[in-house]
Structures are given as C-alpha cells and as structure tokens.
>>> print(open('model.csv').read())   # CSV, C-alpha atoms
chain,number,residue,atom,x,y,z
A,248,LEU,CA,22.7,-3.6,-22.9
A,249,MET,CA,21.9,-0.8,-20.4
A,250,TRP,CA,25.0,-1.9,-18.4
A,251,SER,CA,27.2,-1.7,-21.5
A,252,LEU,CA,26.2,1.9,-22.6
A,253,PRO,CA,27.9,3.7,-19.7
A,254,VAL,CA,31.1,1.7,-20.4
A,255,LEU,CA,31.0,2.5,-24.1
A,256,LEU,CA,30.2,6.2,-23.4
A,257,LYS,CA,33.1,6.4,-21.0
A,258,ASN,CA,35.5,5.1,-23.7
A,259,ILE,CA,34.1,7.6,-26.1
A,260,ASN,CA,34.6,10.5,-23.7
A,261,ILE,CA,38.2,9.4,-23.0
A,262,TYR,CA,38.8,9.3,-26.7
A,263,VAL,CA,37.3,12.7,-27.4
A,264,ASN,CA,39.1,14.3,-24.4
A,265,GLU,CA,42.4,12.9,-25.5
A,266,LYS,CA,41.8,14.2,-29.0
A,267,ASN,CA,40.8,17.7,-27.8
A,268,THR,CA,43.9,17.8,-25.6
A,269,LYS,CA,46.2,17.0,-28.5
A,270,THR,CA,44.5,19.0,-31.3
A,271,GLN,CA,42.1,21.4,-29.7
A,272,ALA,CA,39.6,20.1,-32.3
A,273,PRO,CA,35.8,20.0,-31.7
A,274,PRO,CA,34.0,16.7,-31.4
A,275,ILE,CA,33.9,14.8,-34.7
A,276,GLU,CA,30.7,14.8,-36.8
A,277,PHE,CA,30.2,12.2,-39.6
A,278,ILE,CA,28.4,12.7,-42.8
A,279,LEU,CA,26.3,9.7,-43.9
A,280,GLN,CA,26.4,9.7,-47.7
A,281,GLY,CA,23.6,7.3,-48.3
A,282,LEU,CA,22.1,8.0,-51.7
A,283,SER,CA,22.8,11.7,-51.7
A,284,GLU,CA,23.4,11.6,-55.5
A,285,TYR,CA,19.9,10.2,-56.1
A,286,PRO,CA,17.5,12.5,-54.2
A,287,ARG,CA,14.3,11.1,-55.8
A,288,ALA,CA,15.3,7.6,-54.9
A,289,GLU,CA,15.7,8.8,-51.3
A,290,LYS,CA,12.2,10.1,-51.2
A,291,LEU,CA,10.9,6.7,-52.5
A,292,LEU,CA,13.1,4.9,-49.9
A,293,PHE,CA,11.6,7.1,-47.2
A,294,VAL,CA,8.1,6.0,-47.9
A,295,LEU,CA,9.1,2.3,-48.3
A,296,CYS,CA,11.2,2.3,-45.1
A,297,LEU,CA,8.6,4.1,-43.1
A,298,VAL,CA,5.9,1.6,-44.1
A,299,MET,CA,8.2,-1.3,-43.3
A,300,TYR,CA,9.2,0.1,-40.0
A,301,LEU,CA,5.6,0.5,-38.9
A,302,VAL,CA,5.0,-3.1,-40.0
A,303,ILE,CA,8.0,-4.2,-37.9
A,304,LEU,CA,6.8,-2.3,-34.8
A,305,LEU,CA,3.2,-3.6,-35.2
A,306,GLY,CA,4.0,-7.2,-36.1
A,307,ASN,CA,6.7,-7.8,-33.5
A,308,SER,CA,4.8,-5.9,-30.8
A,309,THR,CA,1.8,-8.0,-31.5
A,310,LEU,CA,3.8,-11.2,-31.2
A,311,ILE,CA,5.3,-10.1,-27.9
A,312,THR,CA,1.9,-9.2,-26.6
A,313,LEU,CA,0.4,-12.5,-27.6
A,314,THR,CA,3.2,-14.6,-26.0
A,315,LEU,CA,2.8,-12.7,-22.8
A,316,LEU,CA,-1.1,-12.7,-22.6
A,317,ASP,CA,-2.0,-16.2,-23.9
A,318,ALA,CA,-1.1,-19.1,-21.6
A,319,ARG,CA,-1.1,-21.5,-24.6
A,320,LEU,CA,2.0,-19.6,-26.0
A,321,HIS,CA,4.0,-20.0,-22.7
A,322,THR,CA,6.3,-22.5,-24.3
A,323,PRO,CA,10.0,-22.5,-25.1
A,324,MET,CA,9.5,-21.8,-28.8
A,325,TYR,CA,7.4,-18.7,-28.2
A,326,PHE,CA,9.7,-17.6,-25.4
A,327,PHE,CA,12.6,-17.5,-27.9
A,328,LEU,CA,10.3,-16.0,-30.6
A,329,GLY,CA,9.4,-13.2,-28.1
A,330,ASN,CA,13.2,-12.5,-27.7
A,331,LEU,CA,13.6,-12.4,-31.4
A,332,SER,CA,10.7,-9.9,-31.8
A,333,PHE,CA,12.1,-7.7,-29.0
A,334,LEU,CA,15.6,-7.9,-30.7
A,335,ASP,CA,14.2,-6.9,-34.1
A,336,ILE,CA,12.4,-3.9,-32.6
A,337,TRP,CA,15.6,-2.7,-30.9
A,338,TYR,CA,17.8,-3.4,-34.0
A,339,THR,CA,15.6,-1.5,-36.4
A,340,SER,CA,14.9,1.4,-33.9
A,341,SER,CA,18.7,1.9,-33.6
A,342,PHE,CA,19.0,3.3,-37.1
A,343,ILE,CA,15.7,3.6,-39.1
A,344,PRO,CA,14.3,6.7,-37.4
A,345,SER,CA,17.6,8.7,-38.0
A,346,MET,CA,17.8,7.2,-41.5
A,347,LEU,CA,14.3,8.4,-42.3
A,348,ILE,CA,15.2,12.0,-41.2
A,349,HIS,CA,18.4,11.9,-43.3
A,350,PHE,CA,16.3,10.8,-46.4
A,351,LEU,CA,14.4,14.1,-46.2
A,352,SER,CA,17.2,16.5,-45.1
A,353,GLU,CA,20.1,18.0,-47.0
A,354,LYS,CA,22.4,17.8,-43.9
A,355,LYS,CA,23.0,14.2,-43.2
A,356,THR,CA,25.3,14.5,-40.2
A,357,ILE,CA,25.5,12.4,-37.0
A,358,SER,CA,27.7,13.2,-34.0
A,359,PHE,CA,30.6,10.9,-33.0
A,360,THR,CA,28.8,9.7,-29.9
A,361,ARG,CA,25.5,9.0,-31.6
A,362,CYS,CA,27.3,7.2,-34.4
A,363,VAL,CA,29.1,4.9,-32.0
A,364,VAL,CA,26.0,4.1,-29.9
A,365,GLN,CA,24.1,3.3,-33.1
A,366,MET,CA,26.9,1.1,-34.3
A,367,SER,CA,27.2,-0.7,-31.0
A,368,VAL,CA,23.4,-1.3,-30.5
A,369,SER,CA,22.9,-2.6,-34.1
A,370,TYR,CA,26.0,-4.8,-33.9
A,371,THR,CA,24.8,-6.2,-30.5
A,372,MET,CA,21.4,-7.1,-32.0
A,373,GLY,CA,22.9,-8.6,-35.1
A,374,SER,CA,25.3,-10.8,-33.2
A,375,THR,CA,22.6,-11.9,-30.7
A,376,GLU,CA,20.2,-12.9,-33.5
A,377,CYS,CA,22.8,-15.3,-35.0
A,378,VAL,CA,23.2,-17.1,-31.6
A,379,LEU,CA,19.4,-16.9,-30.9
A,380,LEU,CA,18.6,-18.6,-34.2
A,381,ALA,CA,21.0,-21.5,-33.3
A,382,VAL,CA,19.3,-21.8,-29.9
A,383,MET,CA,15.9,-21.9,-31.6
A,384,ALA,CA,17.2,-24.7,-33.9
A,385,TYR,CA,18.3,-26.7,-30.8
A,386,ASP,CA,14.8,-26.2,-29.3
A,387,ARG,CA,13.2,-27.7,-32.5
A,388,TYR,CA,15.7,-30.5,-32.5
A,389,VAL,CA,14.8,-31.6,-29.0
A,390,ALA,CA,11.0,-31.2,-29.8
A,391,ILE,CA,11.1,-33.5,-32.8
A,392,CYS,CA,14.0,-35.9,-32.0
A,393,ASN,CA,13.2,-36.4,-28.3
A,394,PRO,CA,9.5,-35.3,-27.8
A,395,LEU,CA,8.9,-37.4,-24.7
A,396,ARG,CA,11.6,-35.7,-22.7
A,397,TYR,CA,11.2,-32.2,-24.3
A,398,SER,CA,9.6,-30.6,-21.3
A,399,VAL,CA,12.3,-32.0,-19.0
A,400,ILE,CA,15.2,-31.0,-21.2
A,401,VAL,CA,14.1,-27.6,-22.4
A,402,ASN,CA,12.8,-26.4,-19.1
A,403,LYS,CA,12.2,-22.8,-18.0
A,404,ALA,CA,15.7,-22.4,-16.4
A,405,LEU,CA,17.5,-23.7,-19.5
A,406,CYS,CA,15.4,-21.3,-21.7
A,407,VAL,CA,16.4,-18.3,-19.6
A,408,GLN,CA,20.1,-19.4,-19.6
A,409,MET,CA,20.2,-19.9,-23.4
A,410,ALA,CA,18.5,-16.5,-24.0
A,411,ALA,CA,20.9,-14.8,-21.6
A,412,LEU,CA,23.8,-16.5,-23.3
A,413,SER,CA,22.7,-15.2,-26.7
A,414,TRP,CA,22.4,-11.7,-25.4
A,415,GLY,CA,25.6,-11.9,-23.5
A,416,LEU,CA,27.7,-13.2,-26.4
A,417,GLY,CA,26.2,-10.6,-28.7
A,418,LEU,CA,27.0,-7.8,-26.3
A,419,LEU,CA,30.5,-9.0,-25.7
A,420,ASN,CA,31.3,-9.2,-29.4
A,421,SER,CA,29.9,-5.7,-30.0
A,422,LEU,CA,31.7,-4.1,-27.1
A,423,THR,CA,35.0,-5.7,-28.1
A,424,GLU,CA,34.8,-4.4,-31.7
A,425,THR,CA,33.3,-1.0,-30.9
A,426,ILE,CA,35.8,-0.1,-28.1
A,427,LEU,CA,38.7,-1.0,-30.5
A,428,ALA,CA,37.1,1.2,-33.2
A,429,VAL,CA,36.5,4.3,-31.0
A,430,ARG,CA,40.2,4.3,-29.9
A,431,LEU,CA,41.4,4.8,-33.5
A,432,PRO,CA,42.7,8.3,-34.4
A,433,PHE,CA,40.7,10.2,-37.1
A,434,CYS,CA,42.4,13.0,-39.0
A,435,GLY,CA,39.7,14.8,-41.0
A,436,LYS,CA,37.9,12.3,-43.2
A,437,ASN,CA,34.3,12.1,-42.0
A,438,VAL,CA,32.2,10.9,-44.9
A,439,ILE,CA,30.7,7.4,-44.2
A,440,ASN,CA,29.6,5.9,-47.5
A,441,HIS,CA,26.5,4.2,-46.1
A,442,PHE,CA,23.0,4.9,-44.8
A,443,VAL,CA,24.0,4.2,-41.2
A,444,CYS,CA,27.2,4.0,-39.0
A,445,GLU,CA,28.5,0.7,-40.2
A,446,ILE,CA,31.6,-0.5,-38.3
A,447,LEU,CA,33.8,-1.4,-41.3
A,448,ALA,CA,33.0,1.9,-43.0
A,449,PHE,CA,33.7,3.7,-39.7
A,450,VAL,CA,37.2,2.2,-39.1
A,451,LYS,CA,38.2,2.9,-42.7
A,452,LEU,CA,38.1,6.6,-41.9
A,453,ALA,CA,41.0,6.2,-39.4
A,454,CYS,CA,44.4,7.6,-40.3
A,455,THR,CA,46.3,4.6,-39.0
A,456,ASP,CA,46.8,0.9,-39.7
A,457,ILE,CA,43.5,-0.8,-39.1
A,458,SER,CA,44.7,-4.4,-39.7
A,459,LEU,CA,43.9,-5.4,-36.2
A,460,ASN,CA,40.4,-4.1,-36.4
A,461,GLU,CA,39.8,-5.8,-39.7
A,462,ILE,CA,41.1,-9.1,-38.3
A,463,ILE,CA,38.8,-8.8,-35.2
A,464,ILE,CA,35.8,-8.0,-37.4
A,465,MET,CA,36.5,-10.9,-39.7
A,466,LEU,CA,36.9,-13.3,-36.7
A,467,GLY,CA,33.7,-12.0,-35.2
A,468,ASN,CA,31.9,-12.6,-38.4
A,469,VAL,CA,33.2,-16.1,-38.7
A,470,ILE,CA,32.3,-16.9,-35.1
A,471,PHE,CA,28.9,-15.3,-35.0
A,472,LEU,CA,27.8,-16.1,-38.5
A,473,PHE,CA,29.1,-19.4,-39.5
A,474,SER,CA,29.4,-21.2,-36.1
A,475,PRO,CA,25.6,-20.8,-35.4
A,476,LEU,CA,24.9,-21.7,-39.0
A,477,LEU,CA,26.9,-24.9,-38.6
A,478,LEU,CA,24.9,-25.8,-35.4
A,479,ILE,CA,21.7,-25.0,-37.2
A,480,CYS,CA,22.6,-27.3,-40.1
A,481,ILE,CA,23.6,-30.2,-37.7
A,482,SER,CA,20.3,-29.8,-35.9
A,483,TYR,CA,18.3,-30.0,-39.1
A,484,VAL,CA,20.3,-33.1,-40.3
A,485,PHE,CA,19.1,-34.9,-37.1
A,486,ILE,CA,15.6,-33.5,-37.5
A,487,LEU,CA,15.4,-34.6,-41.2
A,488,SER,CA,16.6,-38.1,-40.4
A,489,THR,CA,14.0,-38.4,-37.5
A,490,VAL,CA,11.1,-37.1,-39.7
A,491,LEU,CA,12.0,-39.5,-42.6
A,492,ARG,CA,11.6,-42.4,-40.2
A,493,ILE,CA,8.0,-41.4,-39.3
A,494,LYS,CA,5.8,-43.9,-41.2
A,495,SER,CA,2.6,-41.8,-41.6
A,496,ALA,CA,2.5,-38.9,-44.0
A,497,GLU,CA,0.4,-36.9,-41.6
A,498,GLY,CA,3.0,-37.4,-38.9
A,499,ARG,CA,5.8,-36.2,-41.2
A,500,LYS,CA,3.7,-33.2,-42.2
A,501,LYS,CA,3.0,-32.2,-38.6
A,502,ALA,CA,6.7,-32.6,-37.7
A,503,PHE,CA,7.8,-30.4,-40.6
A,504,SER,CA,5.2,-27.8,-39.8
A,505,THR,CA,6.7,-27.2,-36.3
A,506,CYS,CA,10.0,-26.1,-37.8
A,507,SER,CA,9.1,-24.7,-41.2
A,508,ALA,CA,8.8,-21.1,-39.9
A,509,HIS,CA,12.2,-21.3,-38.3
A,510,MET,CA,13.7,-22.8,-41.4
A,511,THR,CA,12.3,-20.0,-43.5
A,512,VAL,CA,13.6,-17.3,-41.2
A,513,VAL,CA,17.1,-18.9,-41.2
A,514,ILE,CA,17.1,-19.1,-45.1
A,515,VAL,CA,16.0,-15.4,-45.4
A,516,PHE,CA,18.5,-14.2,-42.8
A,517,TYR,CA,21.5,-16.2,-43.9
A,518,GLY,CA,20.7,-16.1,-47.6
A,519,THR,CA,20.9,-12.3,-47.5
A,520,ILE,CA,24.1,-12.3,-45.5
A,521,LEU,CA,25.8,-14.9,-47.7
A,522,PHE,CA,24.8,-13.0,-50.8
A,523,MET,CA,26.3,-9.8,-49.4
A,524,TYR,CA,29.6,-11.5,-48.6
A,525,MET,CA,30.0,-13.8,-51.6
A,526,LYS,CA,28.8,-11.6,-54.5
A,527,PRO,CA,31.6,-10.0,-56.6
A,528,LYS,CA,32.4,-6.5,-55.5
A,529,SER,CA,30.8,-3.9,-57.8
A,530,LYS,CA,32.4,-0.7,-58.8
A,531,ASP,CA,29.2,1.2,-57.9
A,532,SER,CA,28.6,0.9,-54.2
A,533,THR,CA,24.9,1.9,-54.5
A,534,PHE,CA,23.8,-1.7,-55.1
A,535,ASP,CA,25.8,-2.9,-52.0
A,536,LYS,CA,24.2,-0.3,-49.9
A,537,LEU,CA,20.7,-1.3,-51.1
A,538,ILE,CA,21.4,-4.9,-50.3
A,539,ALA,CA,22.6,-4.0,-46.8
A,540,LEU,CA,19.4,-1.9,-46.4
A,541,PHE,CA,17.3,-4.9,-47.5
A,542,TYR,CA,19.0,-7.1,-44.8
A,543,GLY,CA,18.5,-4.4,-42.1
A,544,VAL,CA,14.9,-3.6,-42.8
A,545,VAL,CA,13.1,-6.3,-44.8
A,546,THR,CA,14.3,-9.3,-42.7
A,547,PRO,CA,13.0,-8.0,-39.4
A,548,MET,CA,9.7,-7.2,-41.1
A,549,LEU,CA,9.3,-10.7,-42.5
A,550,ASN,CA,10.0,-12.5,-39.2
A,551,PRO,CA,6.6,-11.9,-37.5
A,552,ILE,CA,4.8,-12.5,-40.9
A,553,ILE,CA,6.5,-15.8,-41.4
A,554,TYR,CA,5.8,-17.0,-37.8
A,555,SER,CA,2.2,-16.0,-37.9
A,556,LEU,CA,1.2,-16.8,-41.5
A,557,ARG,CA,0.3,-20.5,-41.1
A,558,ASN,CA,0.6,-20.7,-37.3
A,559,MET,CA,-2.8,-21.8,-35.9
A,560,GLU,CA,-1.7,-21.2,-32.3
A,561,VAL,CA,-0.9,-17.5,-33.1
A,562,HIS,CA,-4.2,-17.2,-35.1
A,563,GLY,CA,-6.1,-18.6,-32.1
A,564,ALA,CA,-4.4,-16.3,-29.6
A,565,MET,CA,-5.1,-13.3,-31.9
A,566,ARG,CA,-8.8,-14.2,-32.2
A,567,LYS,CA,-9.0,-14.7,-28.4
A,568,LEU,CA,-7.4,-11.3,-27.8
A,569,MET,CA,-9.6,-9.5,-30.3
A,570,SER,CA,-12.8,-11.2,-28.9
A,571,ARG,CA,-11.8,-10.3,-25.4
A,572,HIS,CA,-11.2,-6.7,-26.4
A,573,TRP,CA,-14.5,-6.6,-28.3
A,574,PHE,CA,-16.3,-8.0,-25.2
A,575,CYS,CA,-14.7,-5.5,-22.9
A,576,ARG,CA,-15.9,-2.6,-25.2
A,577,LYS,CA,-19.4,-4.1,-25.3
>>> encode(input="model.csv", output="structure tokens")
Amino acid sequence: LMWSLPVLLKNINIYVNEKNTKTQAPPIEFILQGLSEYPRAEKLLFVLCLVMYLVILLGNSTLITLTLLDARLHTPMYFFLGNLSFLDIWYTSSFIPSMLIHFLSEKKTISFTRCVVQMSVSYTMGSTECVLLAVMAYDRYVAICNPLRYSVIVNKALCVQMAALSWGLGLLNSLTETILAVRLPFCGKNVINHFVCEILAFVKLACTDISLNEIIIMLGNVIFLFSPLLLICISYVFILSTVLRIKSAEGRKKAFSTCSAHMTVVIVFYGTILFMYMKPKSKDSTFDKLIALFYGVVTPMLNPIIYSLRNMEVHGAMRKLMSRHWFCRK
C-alpha cells in the first residue's frame, strides 16, 4: 500500500497539472452530500458511528495484540484473522474520521487528492477482504478435510504467500480502477451523492463517456466478489460432506465450531453486499446510502465480536493477558 500511494499521487498531480494548463482552474474540491437534508439524522449518525468506530478500533486491536502475544494463537487461522483485523482498521480509518467531521460541519468538502486517496485505500481494503475470506475458507477446508496433514500443507510459508497474494490482488484492482478514474475530465460538477468518495459516484461526475470505467468496475466486482464466494461455497461443500461422515455427534459439533465464526462473517459480509446489488433501485437514494454505511461500518465492528464470542482460545488468551497485566501492576 505504501508503495502504491506515490504512484497514485503522481498520476493525480499529472492530471491536475494538465487540467490547470488547459483551463487555469484551481484544484477540484468535491462536496459530499451525505444526509445534508436531514441534519438531525446526521447528529444521530455521528454518535452511532463514533461508538462503532471505537468498538472497531478496540476489538480489532485487541485481536491483533492477542495473536501476537499468545503462543497458542500462533496458528494459520489466527494469522489470517490478524490480517483481517488489520485490514478492517485501515478500511474504516480511511473514511470514518472525515465522515464524522462532515456530520457536524456545514461545509462538507474534500480535496481532489484526499478524495482519490480515500477511494483508493477503501477499495484496496474491500477487494483484499474478499480474497482473504476465500483464503480463510481454504484454511478451514484443509483443517477439517485433511487434519493429519494440516500443519504440512498450511505451513508458515504458504500462509505468508496467501496473505501477500490477497493484499497484492486487492492493491492491483484498486490501482487499476483508481488510475482510470483520475484521468477522466471533470467540467464543474462536484457534488458526490454519498457520505464518502465512492468510485462509481466519482466517475459519474466526469463530462465524458465513462463506459470503459463502468465495465472495468463491473468486471472488478465480478472477479473480486463472486469468484471468492464461489471458492468459499466449494470449500464448504467439501467441509459439510466430511462433517456429515463423522459418526459421533460430539465430533460433528467440534468440527462445525471450528468454522462457524468464519461462516457467520461470510454471511454478514456477502449478505449485505448481495442485498445492495440485488434490491430494486429506490427513487430516494437515502436508503441506499444508509445500506452502504451499514456495510462499511457495522461489518468491520461485528468481525472481532463474532470471532471472540464463543471462542475459548481467545477467551483464554484474554484472561492470560489480563492476569499478566494485573500481576505486573501488583
């Protein structure tokens, strides 16, 4: 991500310089409309989003800390969970702080550069999460369907490679779509009908044909949403068939418990996305924006809660960390 930002900023500067040369216009600022027509609702959303953001930071930071400090959590599953928690912190931090400021201010503007960086970072995190959830499904597939060779197959090197692949593919998708978007010409329209800089709302402000951008965005959505979902479904078909062949009820319960948290996260994540894409388009865009806000804020908040709610290993690591901290203070 740090390597990609200079490349992205260079393309932004080239675009702005070309525009200034042709039109002698100042750098573009965008107005994020949000729920400007409902100021009381914005105050309520400020409180709710602030609380949820604090829960996101606390929950995901705690999971990362536990996976680093407790040796019992140095396993592939918790390695990928640590990546997911780190990703959720970056994803929400790319837009929630500025969104909270806009909820309380009358001037809801964002500069061209900040808008593009926000759009690029959030898109990278969203694309990476899709691939990472498929990688975590593969990890559960090997753990349940081939437990005797699990430590051999899903070794440390493979974990690092799969995590790097997830981040690399997410970054590549984001860079491709963002660079194509920033090279579009803008001719005055600067109101984005959203809480944040969303790529489709961004390209719709261009005063040229955006068919290529829409096709690239659609292809990216298909590849990064439905291809991982297909791999997840295939993994769970094999997992289900293996679990059903276990004779003891206790064994089946234990096998299901190892992947129940991941299944819940996948259902929440993809359930929200599929609802956004498949529901009929409403005339009032307010509902659509609230659904997008739910996806962007509530899902990252639920991930650490889901993974720690009935997870005895996480509970044990938490008690060990707290007792160690209490003993040090004594």
>>> atom_distance(input="model.csv", atom1="CA of Asp317 (chain A)", atom2="CA of Glu376 (chain A)")
24.4 Å
>>> closest_residue(input="model.csv", among="A:Phe473, A:Phe327, A:Phe293, A:Tyr300", to="Cys377 (chain A)", atoms="all atoms listed in the file")
A:Phe473
>>> atom_distance(input="model.csv", atom1="CA of Gly417 (chain A)", atom2="CA of Tyr370 (chain A)")
7.8 Å
>>> residues_near_point(input="model.csv", point="(33.0, -7.9, -32.2)", cutoff="12 Å", atoms="all atoms listed in the file", output="VMD selection string")
chain A and resid 366 to 375 416 to 428 446 to 447 459 to 472
>>> write_last_selection(input="model.csv", atoms="C-alpha atoms", output="PDB file, in the coordinates of the input")
ATOM      1  CA  MET A 366      26.900   1.100 -34.300  1.00  0.00           C
ATOM      2  CA  SER A 367      27.200  -0.700 -31.000  1.00  0.00           C
ATOM      3  CA  VAL A 368      23.400  -1.300 -30.500  1.00  0.00           C
ATOM      4  CA  SER A 369      22.900  -2.600 -34.100  1.00  0.00           C
ATOM      5  CA  TYR A 370      26.000  -4.800 -33.900  1.00  0.00           C
ATOM      6  CA  THR A 371      24.800  -6.200 -30.500  1.00  0.00           C
ATOM      7  CA  MET A 372      21.400  -7.100 -32.000  1.00  0.00           C
ATOM      8  CA  GLY A 373      22.900  -8.600 -35.100  1.00  0.00           C
ATOM      9  CA  SER A 374      25.300 -10.800 -33.200  1.00  0.00           C
ATOM     10  CA  THR A 375      22.600 -11.900 -30.700  1.00  0.00           C
ATOM     11  CA  LEU A 416      27.700 -13.200 -26.400  1.00  0.00           C
ATOM     12  CA  GLY A 417      26.200 -10.600 -28.700  1.00  0.00           C
ATOM     13  CA  LEU A 418      27.000  -7.800 -26.300  1.00  0.00           C
ATOM     14  CA  LEU A 419      30.500  -9.000 -25.700  1.00  0.00           C
ATOM     15  CA  ASN A 420      31.300  -9.200 -29.400  1.00  0.00           C
ATOM     16  CA  SER A 421      29.900  -5.700 -30.000  1.00  0.00           C
ATOM     17  CA  LEU A 422      31.700  -4.100 -27.100  1.00  0.00           C
ATOM     18  CA  THR A 423      35.000  -5.700 -28.100  1.00  0.00           C
ATOM     19  CA  GLU A 424      34.800  -4.400 -31.700  1.00  0.00           C
ATOM     20  CA  THR A 425      33.300  -1.000 -30.900  1.00  0.00           C
ATOM     21  CA  ILE A 426      35.800  -0.100 -28.100  1.00  0.00           C
ATOM     22  CA  LEU A 427      38.700  -1.000 -30.500  1.00  0.00           C
ATOM     23  CA  ALA A 428      37.100   1.200 -33.200  1.00  0.00           C
ATOM     24  CA  ILE A 446      31.600  -0.500 -38.300  1.00  0.00           C
ATOM     25  CA  LEU A 447      33.800  -1.400 -41.300  1.00  0.00           C
ATOM     26  CA  LEU A 459      43.900  -5.400 -36.200  1.00  0.00           C
ATOM     27  CA  ASN A 460      40.400  -4.100 -36.400  1.00  0.00           C
ATOM     28  CA  GLU A 461      39.800  -5.800 -39.700  1.00  0.00           C
ATOM     29  CA  ILE A 462      41.100  -9.100 -38.300  1.00  0.00           C
ATOM     30  CA  ILE A 463      38.800  -8.800 -35.200  1.00  0.00           C
ATOM     31  CA  ILE A 464      35.800  -8.000 -37.400  1.00  0.00           C
ATOM     32  CA  MET A 465      36.500 -10.900 -39.700  1.00  0.00           C
ATOM     33  CA  LEU A 466      36.900 -13.300 -36.700  1.00  0.00           C
ATOM     34  CA  GLY A 467      33.700 -12.000 -35.200  1.00  0.00           C
ATOM     35  CA  ASN A 468      31.900 -12.600 -38.400  1.00  0.00           C
ATOM     36  CA  VAL A 469      33.200 -16.100 -38.700  1.00  0.00           C
ATOM     37  CA  ILE A 470      32.300 -16.900 -35.100  1.00  0.00           C
ATOM     38  CA  PHE A 471      28.900 -15.300 -35.000  1.00  0.00           C
ATOM     39  CA  LEU A 472      27.800 -16.100 -38.500  1.00  0.00           C
TER      40      LEU A 472
END
>>> atom_distance(input="model.csv", atom1="CA of Ile439 (chain A)", atom2="CA of Gln280 (chain A)")
6.0 Å
>>> residues_around(input="model.csv", residues="Met409 (chain A)", least_positions_apart="4", cutoff="8 Å", atoms="only C-alpha atoms", output="list in words")
Val382, Leu405 and Ser413 of chain A
>>> closest_residue(input="model.csv", among="A:Leu301, A:Val378, A:Met548, A:Val515", to="Leu412 (chain A)", atoms="only C-alpha atoms")
A:Val378
>>> residues_around(input="model.csv", residues="Cys480 (chain A)", least_positions_apart="4", cutoff="12 Å", atoms="all atoms listed in the file", output="VMD selection string")
chain A and resid 380 to 381 384 to 385 388 473 to 476 484 to 487 510 513 to 514 517
>>> closest_residue(input="model.csv", among="A:Leu379, A:Gly543, A:Tyr554, A:Glu353", to="Gly415 (chain A)", atoms="only C-alpha atoms")
A:Leu379
>>> closest_residue(input="model.csv", among="A:Val294, A:Ile311, A:Val364, A:Ile357", to="Val561 (chain A)", atoms="all atoms listed in the file")
A:Ile311
